[in-house]
file model.cif (mmCIF, C-alpha atoms)
data_entry
#
loop_
_atom_site.label_atom_id
_atom_site.label_comp_id
_atom_site.auth_asym_id
_atom_site.auth_seq_id
_atom_site.Cartn_x
_atom_site.Cartn_y
_atom_site.Cartn_z
CA MET A 1 -17.87 20.14 -81.14
CA GLN A 2 -14.98 18.27 -79.55
CA TYR A 3 -15.61 14.51 -79.29
CA GLU A 4 -18.66 14.62 -81.56
CA ASP A 5 -18.80 11.46 -83.73
CA PRO A 6 -22.20 10.42 -85.18
CA SER A 7 -20.71 7.22 -86.60
CA PHE A 8 -19.99 5.96 -83.06
CA SER A 9 -23.62 6.21 -81.95
CA ALA A 10 -24.92 4.88 -85.28
CA THR A 11 -22.68 1.81 -85.04
CA LEU A 12 -23.67 1.20 -81.43
CA VAL A 13 -27.41 1.61 -82.07
CA ALA A 14 -27.30 -0.79 -85.02
CA TRP A 15 -25.42 -3.37 -82.95
CA GLN A 16 -27.76 -3.06 -79.98
CA LYS A 17 -30.87 -3.53 -82.09
CA GLN A 18 -29.48 -6.76 -83.54
CA HIS A 19 -27.35 -8.21 -80.75
CA GLY A 20 -28.22 -6.37 -77.52
CA ARG A 21 -30.45 -7.40 -74.65
CA HIS A 22 -34.17 -6.88 -75.23
CA GLU A 23 -36.00 -9.20 -72.82
CA LEU A 24 -34.98 -7.96 -69.38
CA PRO A 25 -38.08 -7.46 -67.19
CA TRP A 26 -37.58 -3.68 -66.96
CA GLN A 27 -37.22 -3.19 -70.71
CA ASN A 28 -39.91 -2.42 -73.29
CA THR A 29 -41.75 -0.06 -70.96
CA ARG A 30 -42.08 3.68 -70.41
CA ASP A 31 -43.20 3.17 -66.81
CA ALA A 32 -40.77 5.37 -64.91
CA TYR A 33 -41.38 3.44 -61.67
CA LEU A 34 -40.19 0.19 -63.25
CA VAL A 35 -37.23 1.88 -64.92
CA TRP A 36 -36.21 3.77 -61.76
CA LEU A 37 -36.40 0.67 -59.58
CA SER A 38 -34.21 -1.32 -61.97
CA GLU A 39 -31.63 1.45 -62.28
CA ILE A 40 -31.29 1.79 -58.51
CA MET A 41 -30.95 -1.97 -58.06
CA LEU A 42 -28.38 -2.15 -60.86
CA GLN A 43 -26.11 0.42 -59.24
CA GLN A 44 -22.88 -1.51 -58.52
CA THR A 45 -24.79 -4.79 -58.91
CA GLN A 46 -24.88 -7.25 -61.81
CA VAL A 47 -28.07 -8.05 -63.72
CA SER A 48 -27.98 -11.71 -62.65
CA ALA A 49 -28.08 -10.72 -58.98
CA VAL A 50 -30.89 -8.20 -59.49
CA LEU A 51 -33.43 -10.31 -61.41
CA GLY A 52 -34.87 -12.21 -58.47
CA TYR A 53 -34.93 -9.20 -56.16
CA TYR A 54 -36.63 -7.07 -58.82
CA ALA A 55 -39.48 -9.56 -59.28
CA ARG A 56 -40.00 -10.05 -55.54
CA PHE A 57 -39.84 -6.32 -54.85
CA LEU A 58 -42.51 -5.56 -57.42
CA GLU A 59 -44.70 -8.33 -56.07
CA ARG A 60 -44.56 -6.65 -52.65
CA PHE A 61 -44.61 -3.05 -53.94
CA PRO A 62 -46.37 -3.06 -57.35
CA THR A 63 -46.73 0.74 -57.49
CA LEU A 64 -44.83 3.81 -56.40
CA ALA A 65 -47.69 4.66 -54.03
CA SER A 66 -47.48 1.27 -52.31
CA LEU A 67 -43.74 1.68 -51.83
CA ALA A 68 -44.09 5.22 -50.45
CA ALA A 69 -46.77 4.15 -47.99
CA ALA A 70 -44.90 1.11 -46.68
CA PRO A 71 -42.86 1.14 -43.46
CA VAL A 72 -39.15 1.45 -44.17
CA GLU A 73 -38.63 -1.83 -42.30
CA ASP A 74 -40.64 -3.66 -44.97
CA VAL A 75 -38.52 -2.09 -47.69
CA MET A 76 -35.31 -3.13 -45.94
CA ALA A 77 -36.62 -6.68 -45.56
CA GLN A 78 -37.20 -6.96 -49.30
CA TRP A 79 -33.73 -5.53 -49.98
CA ALA A 80 -31.86 -7.71 -47.47
CA GLY A 81 -28.98 -9.53 -49.18
CA LEU A 82 -28.72 -7.20 -52.17
CA GLY A 83 -26.13 -5.02 -50.42
CA TYR A 84 -25.36 -1.29 -50.42
CA TYR A 85 -28.33 -0.69 -48.12
CA THR A 86 -28.27 3.08 -48.41
CA ARG A 87 -29.90 2.47 -51.80
CA ALA A 88 -32.95 0.95 -50.12
CA ARG A 89 -33.35 3.81 -47.65
CA ASN A 90 -33.00 6.37 -50.45
CA LEU A 91 -35.43 4.36 -52.58
CA HIS A 92 -38.07 4.75 -49.89
CA LYS A 93 -37.32 8.45 -49.41
CA CYS A 94 -37.40 9.03 -53.16
CA ALA A 95 -40.80 7.35 -53.51
CA GLN A 96 -42.20 9.59 -50.79
CA ARG A 97 -40.69 12.71 -52.41
CA VAL A 98 -42.14 11.90 -55.83
CA MET A 99 -45.55 11.28 -54.29
CA ALA A 100 -45.42 14.52 -52.29
CA GLU A 101 -43.76 16.85 -54.81
CA TYR A 102 -44.72 15.44 -58.21
CA GLY A 103 -48.09 13.82 -57.57
CA GLY A 104 -46.64 10.33 -57.98
CA VAL A 105 -45.23 11.01 -61.46
CA PHE A 106 -41.47 11.04 -61.96
CA PRO A 107 -40.20 14.18 -63.71
CA SER A 108 -38.67 13.59 -67.13
CA ASP A 109 -36.02 16.31 -66.75
CA PRO A 110 -32.70 14.65 -65.82
CA ALA A 111 -31.73 17.67 -63.73
CA LEU A 112 -34.84 17.29 -61.56
CA LEU A 113 -34.39 13.54 -61.31
CA ALA A 114 -30.79 14.00 -60.15
CA GLU A 115 -32.03 16.05 -57.17
CA LEU A 116 -34.05 13.13 -55.79
CA PRO A 117 -32.58 10.81 -53.10
CA GLY A 118 -30.33 8.08 -54.47
CA ILE A 119 -30.40 9.34 -58.07
CA GLY A 120 -27.14 10.75 -59.34
CA ARG A 121 -26.34 12.29 -62.69
CA SER A 122 -25.85 9.05 -64.60
CA THR A 123 -28.85 7.24 -63.12
CA ALA A 124 -31.03 10.29 -63.81
CA ALA A 125 -29.94 10.23 -67.44
CA ALA A 126 -30.77 6.54 -67.79
CA ILE A 127 -34.22 6.99 -66.24
CA ALA A 128 -34.98 9.98 -68.47
CA ALA A 129 -33.75 8.19 -71.58
CA PHE A 130 -35.66 4.95 -71.01
CA SER A 131 -38.89 6.38 -69.59
CA ALA A 132 -39.20 9.59 -71.62
CA GLY A 133 -36.78 9.34 -74.56
CA ARG A 134 -34.83 12.34 -73.30
CA ARG A 135 -31.34 12.90 -74.74
CA ALA A 136 -29.03 12.53 -71.75
CA ALA A 137 -25.62 10.96 -71.21
CA ILE A 138 -24.85 8.13 -68.80
CA MET A 139 -21.45 7.46 -67.23
CA ASP A 140 -21.21 4.26 -65.20
CA GLY A 141 -18.42 1.71 -64.91
CA ASN A 142 -19.36 0.02 -68.17
CA VAL A 143 -19.26 3.29 -70.09
CA LYS A 144 -15.92 4.28 -68.58
CA ARG A 145 -14.43 0.94 -69.62
CA VAL A 146 -15.79 1.17 -73.18
CA PHE A 147 -14.60 4.75 -73.61
CA ALA A 148 -11.17 4.07 -72.11
CA ARG A 149 -10.55 1.18 -74.50
CA VAL A 150 -12.17 2.49 -77.68
CA PHE A 151 -10.63 5.98 -77.39
CA GLY A 152 -7.37 4.96 -75.71
CA ILE A 153 -7.84 6.98 -72.50
CA ASP A 154 -4.78 6.06 -70.46
CA THR A 155 -5.38 7.97 -67.22
CA TYR A 156 -7.36 6.73 -64.22
CA PRO A 157 -11.11 7.44 -64.81
CA GLY A 158 -11.55 8.37 -61.15
CA GLU A 159 -9.26 11.39 -61.50
CA ARG A 160 -11.20 14.63 -61.73
CA LYS A 161 -9.67 15.80 -65.01
CA THR A 162 -10.26 12.44 -66.70
CA GLU A 163 -13.82 12.19 -65.40
CA VAL A 164 -14.69 15.69 -66.67
CA ALA A 165 -13.32 14.82 -70.11
CA MET A 166 -15.25 11.54 -70.16
CA TRP A 167 -18.49 13.35 -69.31
CA ALA A 168 -17.83 15.85 -72.11
CA ARG A 169 -17.28 12.97 -74.51
CA ALA A 170 -20.44 11.21 -73.31
CA GLU A 171 -22.53 14.34 -73.83
CA ALA A 172 -21.11 14.90 -77.32
CA LEU A 173 -21.61 11.29 -78.44
CA ALA A 174 -25.23 10.94 -77.25
CA PRO A 175 -27.45 10.95 -80.38
CA ALA A 176 -30.49 13.14 -80.87
CA GLU A 177 -32.47 10.12 -82.11
CA GLY A 178 -32.44 6.58 -80.77
CA ILE A 179 -31.22 7.49 -77.29
CA GLU A 180 -32.87 4.42 -75.76
CA ALA A 181 -31.03 1.94 -77.99
CA TYR A 182 -27.81 3.92 -77.69
CA THR A 183 -27.95 4.01 -73.88
CA GLN A 184 -28.84 0.32 -73.68
CA GLY A 185 -26.10 -0.41 -76.19
CA LEU A 186 -23.45 1.17 -73.97
CA MET A 187 -24.68 -0.92 -71.06
CA ASP A 188 -24.86 -4.10 -73.13
CA MET A 189 -21.43 -3.65 -74.66
CA GLY A 190 -19.80 -3.18 -71.29
CA ALA A 191 -21.69 -6.08 -69.70
CA THR A 192 -21.45 -8.67 -72.49
CA LEU A 193 -18.54 -7.78 -74.80
CA CYS A 194 -16.16 -5.20 -73.36
CA THR A 195 -15.94 -6.97 -70.04
CA ARG A 196 -13.32 -6.28 -67.39
CA SER A 197 -11.47 -9.53 -68.13
CA SER A 198 -11.50 -11.61 -71.33
CA PRO A 199 -13.35 -9.10 -73.55
CA SER A 200 -14.91 -10.54 -76.72
CA CYS A 201 -13.07 -8.26 -79.13
CA GLU A 202 -13.79 -10.56 -82.08
CA ARG A 203 -17.53 -9.80 -81.77
CA CYS A 204 -17.25 -6.11 -80.90
CA PRO A 205 -18.70 -3.59 -83.38
CA MET A 206 -16.04 -1.08 -82.31
CA GLN A 207 -13.07 -3.33 -83.00
CA SER A 208 -11.91 -1.46 -86.10
CA ARG A 209 -11.75 1.84 -84.20
CA CYS A 210 -10.67 0.54 -80.77
CA VAL A 211 -7.32 1.96 -79.67
CA ALA A 212 -6.86 -0.66 -76.94
CA PHE A 213 -7.39 -3.51 -79.41
CA ALA A 214 -5.07 -1.99 -82.00
CA THR A 215 -2.30 -1.48 -79.47
CA GLY A 216 -2.78 -4.68 -77.47
CA ARG A 217 -3.79 -2.85 -74.28
CA THR A 218 -7.24 -4.24 -73.49
CA ALA A 219 -5.84 -5.71 -70.26
CA GLU A 220 -4.31 -2.37 -69.25
CA LEU A 221 -7.28 -0.09 -69.97
CA PRO A 222 -9.04 1.39 -68.18
CA VAL A 223 -6.19 2.32 -65.87
CA ARG A 224 -6.84 0.83 -62.44
CA LYS A 225 -7.02 2.81 -59.25
CA PRO A 226 -3.75 2.70 -57.31
CA LYS A 227 -4.07 -0.03 -54.72
CA LYS A 228 -4.18 0.69 -51.03
CA ALA A 229 -3.98 -1.80 -48.21
CA THR A 230 -7.44 -2.91 -47.12
CA PRO A 231 -8.06 -1.99 -43.45
CA GLU A 232 -9.13 -4.86 -41.22
CA LYS A 233 -11.57 -4.67 -38.32
CA SER A 234 -13.08 -7.11 -35.85
CA ALA A 235 -16.46 -7.46 -34.19
CA HIS A 236 -17.55 -9.81 -31.42
CA MET A 237 -21.20 -10.69 -31.94
CA LEU A 238 -23.58 -12.31 -29.49
CA LEU A 239 -25.56 -15.22 -30.88
CA VAL A 240 -27.94 -15.61 -27.96
CA VAL A 241 -30.41 -18.47 -28.35
CA ASP A 242 -33.25 -19.59 -26.11
CA ARG A 243 -36.42 -21.62 -26.52
CA GLY A 244 -36.32 -21.83 -30.30
CA GLN A 245 -35.52 -18.15 -30.77
CA VAL A 246 -32.46 -16.00 -31.49
CA LEU A 247 -31.86 -12.50 -30.14
CA LEU A 248 -31.56 -9.70 -32.72
CA GLU A 249 -30.86 -5.99 -32.50
CA GLN A 250 -32.15 -3.21 -34.75
CA ARG A 251 -29.15 -1.33 -36.15
CA PRO A 252 -29.15 2.48 -36.47
CA ALA A 253 -30.70 3.90 -39.64
CA THR A 254 -27.32 5.11 -40.91
CA GLY A 255 -23.98 3.38 -41.19
CA ILE A 256 -23.06 -0.21 -42.01
CA TRP A 257 -26.18 -2.39 -42.43
CA GLY A 258 -28.27 0.64 -41.50
CA GLY A 259 -31.87 -0.15 -40.61
CA LEU A 260 -31.43 -3.94 -40.66
CA MET A 261 -31.71 -6.43 -37.84
CA SER A 262 -28.41 -8.01 -36.80
CA LEU A 263 -26.71 -9.75 -33.89
CA PRO A 264 -25.88 -7.62 -30.84
CA GLU A 265 -22.23 -6.55 -30.79
CA LEU A 266 -19.98 -6.06 -27.81
CA ALA A 267 -18.00 -3.10 -29.15
CA GLY A 268 -18.90 -2.47 -32.80
CA HIS A 269 -16.48 -2.73 -35.71
CA ALA A 270 -13.06 -1.84 -34.30
CA ALA A 271 -9.55 -2.02 -35.70
CA HIS A 272 -8.22 -3.51 -32.48
CA ALA A 273 -11.10 -5.20 -30.69
CA ASP A 274 -10.15 -6.78 -27.38
CA VAL A 275 -11.16 -10.42 -26.95
CA PRO A 276 -13.84 -10.46 -24.24
CA ASP A 277 -13.40 -12.97 -21.43
CA ASP A 278 -16.27 -15.08 -20.14
CA SER A 279 -17.19 -12.59 -17.44
CA ALA A 280 -17.38 -9.73 -19.97
CA VAL A 281 -19.67 -11.81 -22.20
CA ALA A 282 -21.86 -12.72 -19.23
CA ALA A 283 -22.12 -9.03 -18.32
CA ALA A 284 -23.13 -8.14 -21.89
CA VAL A 285 -25.75 -10.90 -21.90
CA GLN A 286 -27.09 -10.05 -18.45
CA PRO A 287 -29.84 -7.63 -19.70
CA PHE A 288 -31.32 -10.53 -21.68
CA GLY A 289 -30.94 -13.28 -19.10
CA ALA A 290 -28.54 -15.45 -17.12
CA MET A 291 -25.87 -17.11 -19.27
CA GLU A 292 -25.81 -20.89 -19.06
CA SER A 293 -23.08 -21.70 -21.59
CA LEU A 294 -20.69 -19.93 -23.95
CA GLU A 295 -19.09 -21.31 -27.11
CA ARG A 296 -16.64 -19.31 -29.19
CA LEU A 297 -17.31 -20.17 -32.84
CA LEU A 298 -14.84 -19.91 -35.70
CA PRO A 299 -14.49 -16.40 -37.16
CA VAL A 300 -16.28 -15.39 -40.33
CA VAL A 301 -14.74 -12.87 -42.75
CA HIS A 302 -16.89 -10.36 -44.67
CA ILE A 303 -15.41 -7.81 -47.07
CA PHE A 304 -17.01 -4.38 -47.33
CA THR A 305 -16.08 -1.76 -49.89
CA HIS A 306 -13.67 -0.03 -47.52
CA TYR A 307 -12.57 -2.67 -45.05
CA LYS A 308 -12.45 -6.37 -44.17
CA LEU A 309 -14.47 -7.43 -41.13
CA HIS A 310 -13.59 -10.43 -38.97
CA ILE A 311 -16.77 -11.54 -37.23
CA HIS A 312 -16.22 -13.51 -34.01
CA PRO A 313 -19.53 -15.20 -33.09
CA LEU A 314 -20.16 -15.96 -29.42
CA LEU A 315 -22.85 -18.62 -29.09
CA VAL A 316 -24.68 -18.15 -25.80
CA THR A 317 -27.45 -20.27 -24.31
CA LEU A 318 -29.50 -18.93 -21.41
CA ALA A 319 -30.39 -20.52 -18.09
CA SER A 320 -33.25 -18.03 -17.79
CA ARG A 321 -34.56 -15.18 -19.95
CA ALA A 322 -35.10 -11.61 -18.75
CA ALA A 323 -37.92 -9.39 -19.99
CA LEU A 324 -37.00 -6.82 -22.66
CA ALA A 325 -38.99 -4.04 -21.05
CA GLY A 326 -38.21 -0.70 -22.69
CA GLU A 327 -35.66 -2.25 -25.08
CA GLN A 328 -37.50 -1.72 -28.36
CA ARG A 329 -34.42 -2.20 -30.50
CA TYR A 330 -34.11 -5.86 -29.40
CA VAL A 331 -36.37 -8.70 -30.50
CA TRP A 332 -36.51 -12.46 -30.08
CA LEU A 333 -37.04 -14.07 -33.50
CA ASP A 334 -38.23 -17.62 -34.10
CA ALA A 335 -35.57 -19.74 -35.78
CA ALA A 336 -38.03 -20.62 -38.55
CA ALA A 337 -38.40 -16.91 -39.41
CA VAL A 338 -34.67 -16.29 -39.94
CA PRO A 339 -34.67 -17.02 -43.73
CA GLY A 340 -37.18 -14.24 -44.39
CA ALA A 341 -35.84 -11.71 -41.90
CA ALA A 342 -34.20 -8.40 -42.84
CA LEU A 343 -30.69 -9.49 -41.90
CA PRO A 344 -27.38 -8.60 -43.58
CA ALA A 345 -26.35 -11.44 -45.88
CA PRO A 346 -23.29 -12.57 -43.87
CA ILE A 347 -25.26 -12.53 -40.60
CA LYS A 348 -28.15 -14.49 -42.08
CA LYS A 349 -25.71 -17.05 -43.49
CA LEU A 350 -23.96 -17.32 -40.14
CA VAL A 351 -27.22 -18.00 -38.29
CA LEU A 352 -28.57 -20.38 -40.93
CA ASP A 353 -25.30 -22.31 -41.04
CA LEU A 354 -25.45 -22.66 -37.28
CA LEU A 355 -29.05 -23.84 -37.41
CA GLY A 356 -28.15 -26.41 -40.02
CA GLU A 357 -25.03 -27.75 -38.36
CA SER A 358 -25.80 -27.55 -34.64
CA ASP A 359 -27.68 -29.84 -32.34
CA GLN A 360 -31.13 -28.22 -32.23
CA ALA A 361 -31.88 -29.63 -28.80
CA ARG A 362 -28.63 -28.21 -27.42
CA MET A 363 -29.23 -24.79 -28.97
CA PHE A 364 -32.91 -24.39 -28.24
#

call {"tool": "encode", "arguments": {"input": "model.cif", "output": "structure tokens"}}
result
Amino acid sequence: MQYEDPSFSATLVAWQKQHGRHELPWQNTRDAYLVWLSEIMLQQTQVSAVLGYYARFLERFPTLASLAAAPVEDVMAQWAGLGYYTRARNLHKCAQRVMAEYGGVFPSDPALLAELPGIGRSTAAAIAAFSAGRRAAIMDGNVKRVFARVFGIDTYPGERKTEVAMWARAEALAPAEGIEAYTQGLMDMGATLCTRSSPSCERCPMQSRCVAFATGRTAELPVRKPKKATPEKSAHMLLVVDRGQVLLEQRPATGIWGGLMSLPELAGHAAHADVPDDSAVAAAVQPFGAMESLERLLPVVHIFTHYKLHIHPLLVTLASRAALAGEQRYVWLDAAAVPGAALPAPIKKLVLDLLGESDQARMF
């Protein structure tokens, strides 16, 4: 079979058993719930960032059943700050699907796992390997980097032809025995040795066979995606405060920061957002009360995957507050509750920074 190489997996398994990571909280278990949760959290997120969230999430949702039964708002609150919030919504949907369709037991077949919300081909393989010992191939960013360097793959991994070839290689290299150590070894190598910058080639078990090392191309491989200019957008956000509370708005379930609470916006995220004058701000605030004062704070920049957002906070104090009759998506939140609220990380930081630096009497 093309790409088959038992010595590659044997070398990797031996290295992982001696030098790999063995004490992460989601290791040394066959509990598919624990494995699944960790794999979803680790999608596009480093282990160091996940550890605290993983522990707190399990404290709140110790079982799949407890997660499936919880309101999605509670799930989003526990996820707030971890980013890529579609993962949290799919996590909740997946828990409900597994409870309804599989009696609360995750299937061990990678093909069935891949059909569940938020679980793609690679994540399904990792879950099946770690929870059931199933032979299945993973293909995340770490694996692509290891393969590109060790085997000298000099085309962009995101190209369809290259990706298909990498998957074929991954399937051929996966061993029939020791799939758990092999899969963990690929992850460990990419995370601790074959890093994006400054790889530790002197400690790598693949050094003698690594094409990138032999040809001095570790900095060039994997080939990077051609750069495109990052689009920039602006948003004018209302930071309305009154009587020790701040006004928040529930965002739609889909889209940026879907399902989280955030600050009300005048016109959303726009490429060319007009600067609102005082009268426009007063009109936007009018449903919540009569504006007493307006202060235009310094902009805050937040970078998403696909664009850079310039947040222009508008600090508003009220002379009088109007009732929120029929406006269920708006809520007044006590300032003391902001740290634990389900807010996007940049919005929570903005509000907390303001609370820490402003004159409390003036604000509230």

call {"tool": "resolve_selection", "arguments": {"input": "model.cif", "expression": "the PyMOL selection byres ((chain A and resi 320) around 12)", "output": "short mmCIF file (atom, residue, chain, number, x, y, z; two decimals) with C-alpha atoms, in the frame of the given file"}}
result
data_model
loop_
_atom_site.label_atom_id
_atom_site.label_comp_id
_atom_site.auth_asym_id
_atom_site.auth_seq_id
_atom_site.Cartn_x
_atom_site.Cartn_y
_atom_site.Cartn_z
CA VAL A 240 -27.94 -15.61 -27.96
CA VAL A 241 -30.41 -18.47 -28.35
CA ASP A 242 -33.25 -19.59 -26.11
CA ARG A 243 -36.42 -21.62 -26.52
CA VAL A 285 -25.75 -10.90 -21.90
CA GLN A 286 -27.09 -10.05 -18.45
CA PRO A 287 -29.84 -7.63 -19.70
CA PHE A 288 -31.32 -10.53 -21.68
CA GLY A 289 -30.94 -13.28 -19.10
CA ALA A 290 -28.54 -15.45 -17.12
CA MET A 291 -25.87 -17.11 -19.27
CA GLU A 292 -25.81 -20.89 -19.06
CA SER A 293 -23.08 -21.70 -21.59
CA VAL A 316 -24.68 -18.15 -25.80
CA THR A 317 -27.45 -20.27 -24.31
CA LEU A 318 -29.50 -18.93 -21.41
CA ALA A 319 -30.39 -20.52 -18.09
CA ARG A 321 -34.56 -15.18 -19.95
CA ALA A 322 -35.10 -11.61 -18.75
CA ALA A 323 -37.92 -9.39 -19.99
#

call {"tool": "atom_distance", "arguments": {"input": "model.cif", "atom1": "CA of Ala132 (chain A)", "atom2": "CA of Met189 (chain A)"}}
result
22.4 Å

call {"tool": "residues_near_point", "arguments": {"input": "model.cif", "point": "(-28.4, -9.8, -32.7)", "cutoff": "9 Å", "atoms": "only C-alpha atoms", "output": "PyMOL selection string"}}
result
chain A and resi 237-240+246-250+261-265+330-332+347

call {"tool": "atom_distance", "arguments": {"input": "model.cif", "atom1": "CA of Ala55 (chain A)", "atom2": "CA of Pro346 (chain A)"}}
result
22.6 Å

call {"tool": "closest_residue", "arguments": {"input": "model.cif", "among": "A:Gly268, A:Gly259, A:Gly244, A:Pro25", "to": "Asp334 (chain A)", "atoms": "all atoms listed in the file"}}
result
A:Gly244

call {"tool": "atom_distance", "arguments": {"input": "model.cif", "atom1": "CA of Asp109 (chain A)", "atom2": "CA of Met139 (chain A)"}}
result
17.1 Å

call {"tool": "residues_around", "arguments": {"input": "model.cif", "residues": "region 82-92 of chain A", "least_positions_apart": "2", "cutoff": "10 Å", "atoms": "all atoms listed in the file", "output": "PDB file with C-alpha atoms, in the frame of the given file"}}
result
ATOM      1  CA  TRP A  36     -36.210   3.770 -61.760  1.00  0.00           C
ATOM      2  CA  LEU A  37     -36.400   0.670 -59.580  1.00  0.00           C
ATOM      3  CA  ILE A  40     -31.290   1.790 -58.510  1.00  0.00           C
ATOM      4  CA  MET A  41     -30.950  -1.970 -58.060  1.00  0.00           C
ATOM      5  CA  GLN A  43     -26.110   0.420 -59.240  1.00  0.00           C
ATOM      6  CA  GLN A  44     -22.880  -1.510 -58.520  1.00  0.00           C
ATOM      7  CA  THR A  45     -24.790  -4.790 -58.910  1.00  0.00           C
ATOM      8  CA  ALA A  49     -28.080 -10.720 -58.980  1.00  0.00           C
ATOM      9  CA  VAL A  50     -30.890  -8.200 -59.490  1.00  0.00           C
ATOM     10  CA  TYR A  53     -34.930  -9.200 -56.160  1.00  0.00           C
ATOM     11  CA  LEU A  64     -44.830   3.810 -56.400  1.00  0.00           C
ATOM     12  CA  LEU A  67     -43.740   1.680 -51.830  1.00  0.00           C
ATOM     13  CA  ALA A  68     -44.090   5.220 -50.450  1.00  0.00           C
ATOM     14  CA  ALA A  69     -46.770   4.150 -47.990  1.00  0.00           C
ATOM     15  CA  ALA A  70     -44.900   1.110 -46.680  1.00  0.00           C
ATOM     16  CA  PRO A  71     -42.860   1.140 -43.460  1.00  0.00           C
ATOM     17  CA  VAL A  72     -39.150   1.450 -44.170  1.00  0.00           C
ATOM     18  CA  GLU A  73     -38.630  -1.830 -42.300  1.00  0.00           C
ATOM     19  CA  VAL A  75     -38.520  -2.090 -47.690  1.00  0.00           C
ATOM     20  CA  MET A  76     -35.310  -3.130 -45.940  1.00  0.00           C
ATOM     21  CA  ALA A  77     -36.620  -6.680 -45.560  1.00  0.00           C
ATOM     22  CA  GLN A  78     -37.200  -6.960 -49.300  1.00  0.00           C
ATOM     23  CA  TRP A  79     -33.730  -5.530 -49.980  1.00  0.00           C
ATOM     24  CA  ALA A  80     -31.860  -7.710 -47.470  1.00  0.00           C
ATOM     25  CA  CYS A  94     -37.400   9.030 -53.160  1.00  0.00           C
ATOM     26  CA  ALA A  95     -40.800   7.350 -53.510  1.00  0.00           C
ATOM     27  CA  GLN A  96     -42.200   9.590 -50.790  1.00  0.00           C
ATOM     28  CA  ARG A  97     -40.690  12.710 -52.410  1.00  0.00           C
ATOM     29  CA  LEU A 116     -34.050  13.130 -55.790  1.00  0.00           C
ATOM     30  CA  PRO A 117     -32.580  10.810 -53.100  1.00  0.00           C
ATOM     31  CA  GLY A 118     -30.330   8.080 -54.470  1.00  0.00           C
ATOM     32  CA  ILE A 119     -30.400   9.340 -58.070  1.00  0.00           C
ATOM     33  CA  ALA A 253     -30.700   3.900 -39.640  1.00  0.00           C
ATOM     34  CA  THR A 254     -27.320   5.110 -40.910  1.00  0.00           C
ATOM     35  CA  GLY A 255     -23.980   3.380 -41.190  1.00  0.00           C
ATOM     36  CA  ILE A 256     -23.060  -0.210 -42.010  1.00  0.00           C
ATOM     37  CA  TRP A 257     -26.180  -2.390 -42.430  1.00  0.00           C
ATOM     38  CA  GLY A 258     -28.270   0.640 -41.500  1.00  0.00           C
ATOM     39  CA  GLY A 259     -31.870  -0.150 -40.610  1.00  0.00           C
ATOM     40  CA  LEU A 260     -31.430  -3.940 -40.660  1.00  0.00           C
ATOM     41  CA  PHE A 304     -17.010  -4.380 -47.330  1.00  0.00           C
ATOM     42  CA  THR A 305     -16.080  -1.760 -49.890  1.00  0.00           C
ATOM     43  CA  PRO A 344     -27.380  -8.600 -43.580  1.00  0.00           C
ATOM     44  CA  ALA A 345     -26.350 -11.440 -45.880  1.00  0.00           C
TER      45      ALA A 345
END

call {"tool": "closest_residue", "arguments": {"input": "model.cif", "among": "A:Ala283, A:Arg196, A:Pro252, A:Phe8", "to": "Arg329 (chain A)", "atoms": "only C-alpha atoms"}}
result
A:Pro252

call {"tool": "resolve_selection", "arguments": {"input": "model.cif", "expression": "the PyMOL selection byres ((chain A and resi 26-33) around 9)", "output": "ChimeraX atom specification"}}
result
/A:21-25,34-38,54,63-64,105-108,127-128,130-133

call {"tool": "closest_residue", "arguments": {"input": "model.cif", "among": "A:Ala219, A:Ala174, A:Ala267, A:Ala229", "to": "Ser198 (chain A)", "atoms": "all atoms listed in the file"}}
result
A:Ala219

call {"tool": "closest_residue", "arguments": {"input": "model.cif", "among": "A:Ala114, A:Ala124, A:Ala284, A:Val223", "to": "Phe147 (chain A)", "atoms": "all atoms listed in the file"}}
result
A:Val223
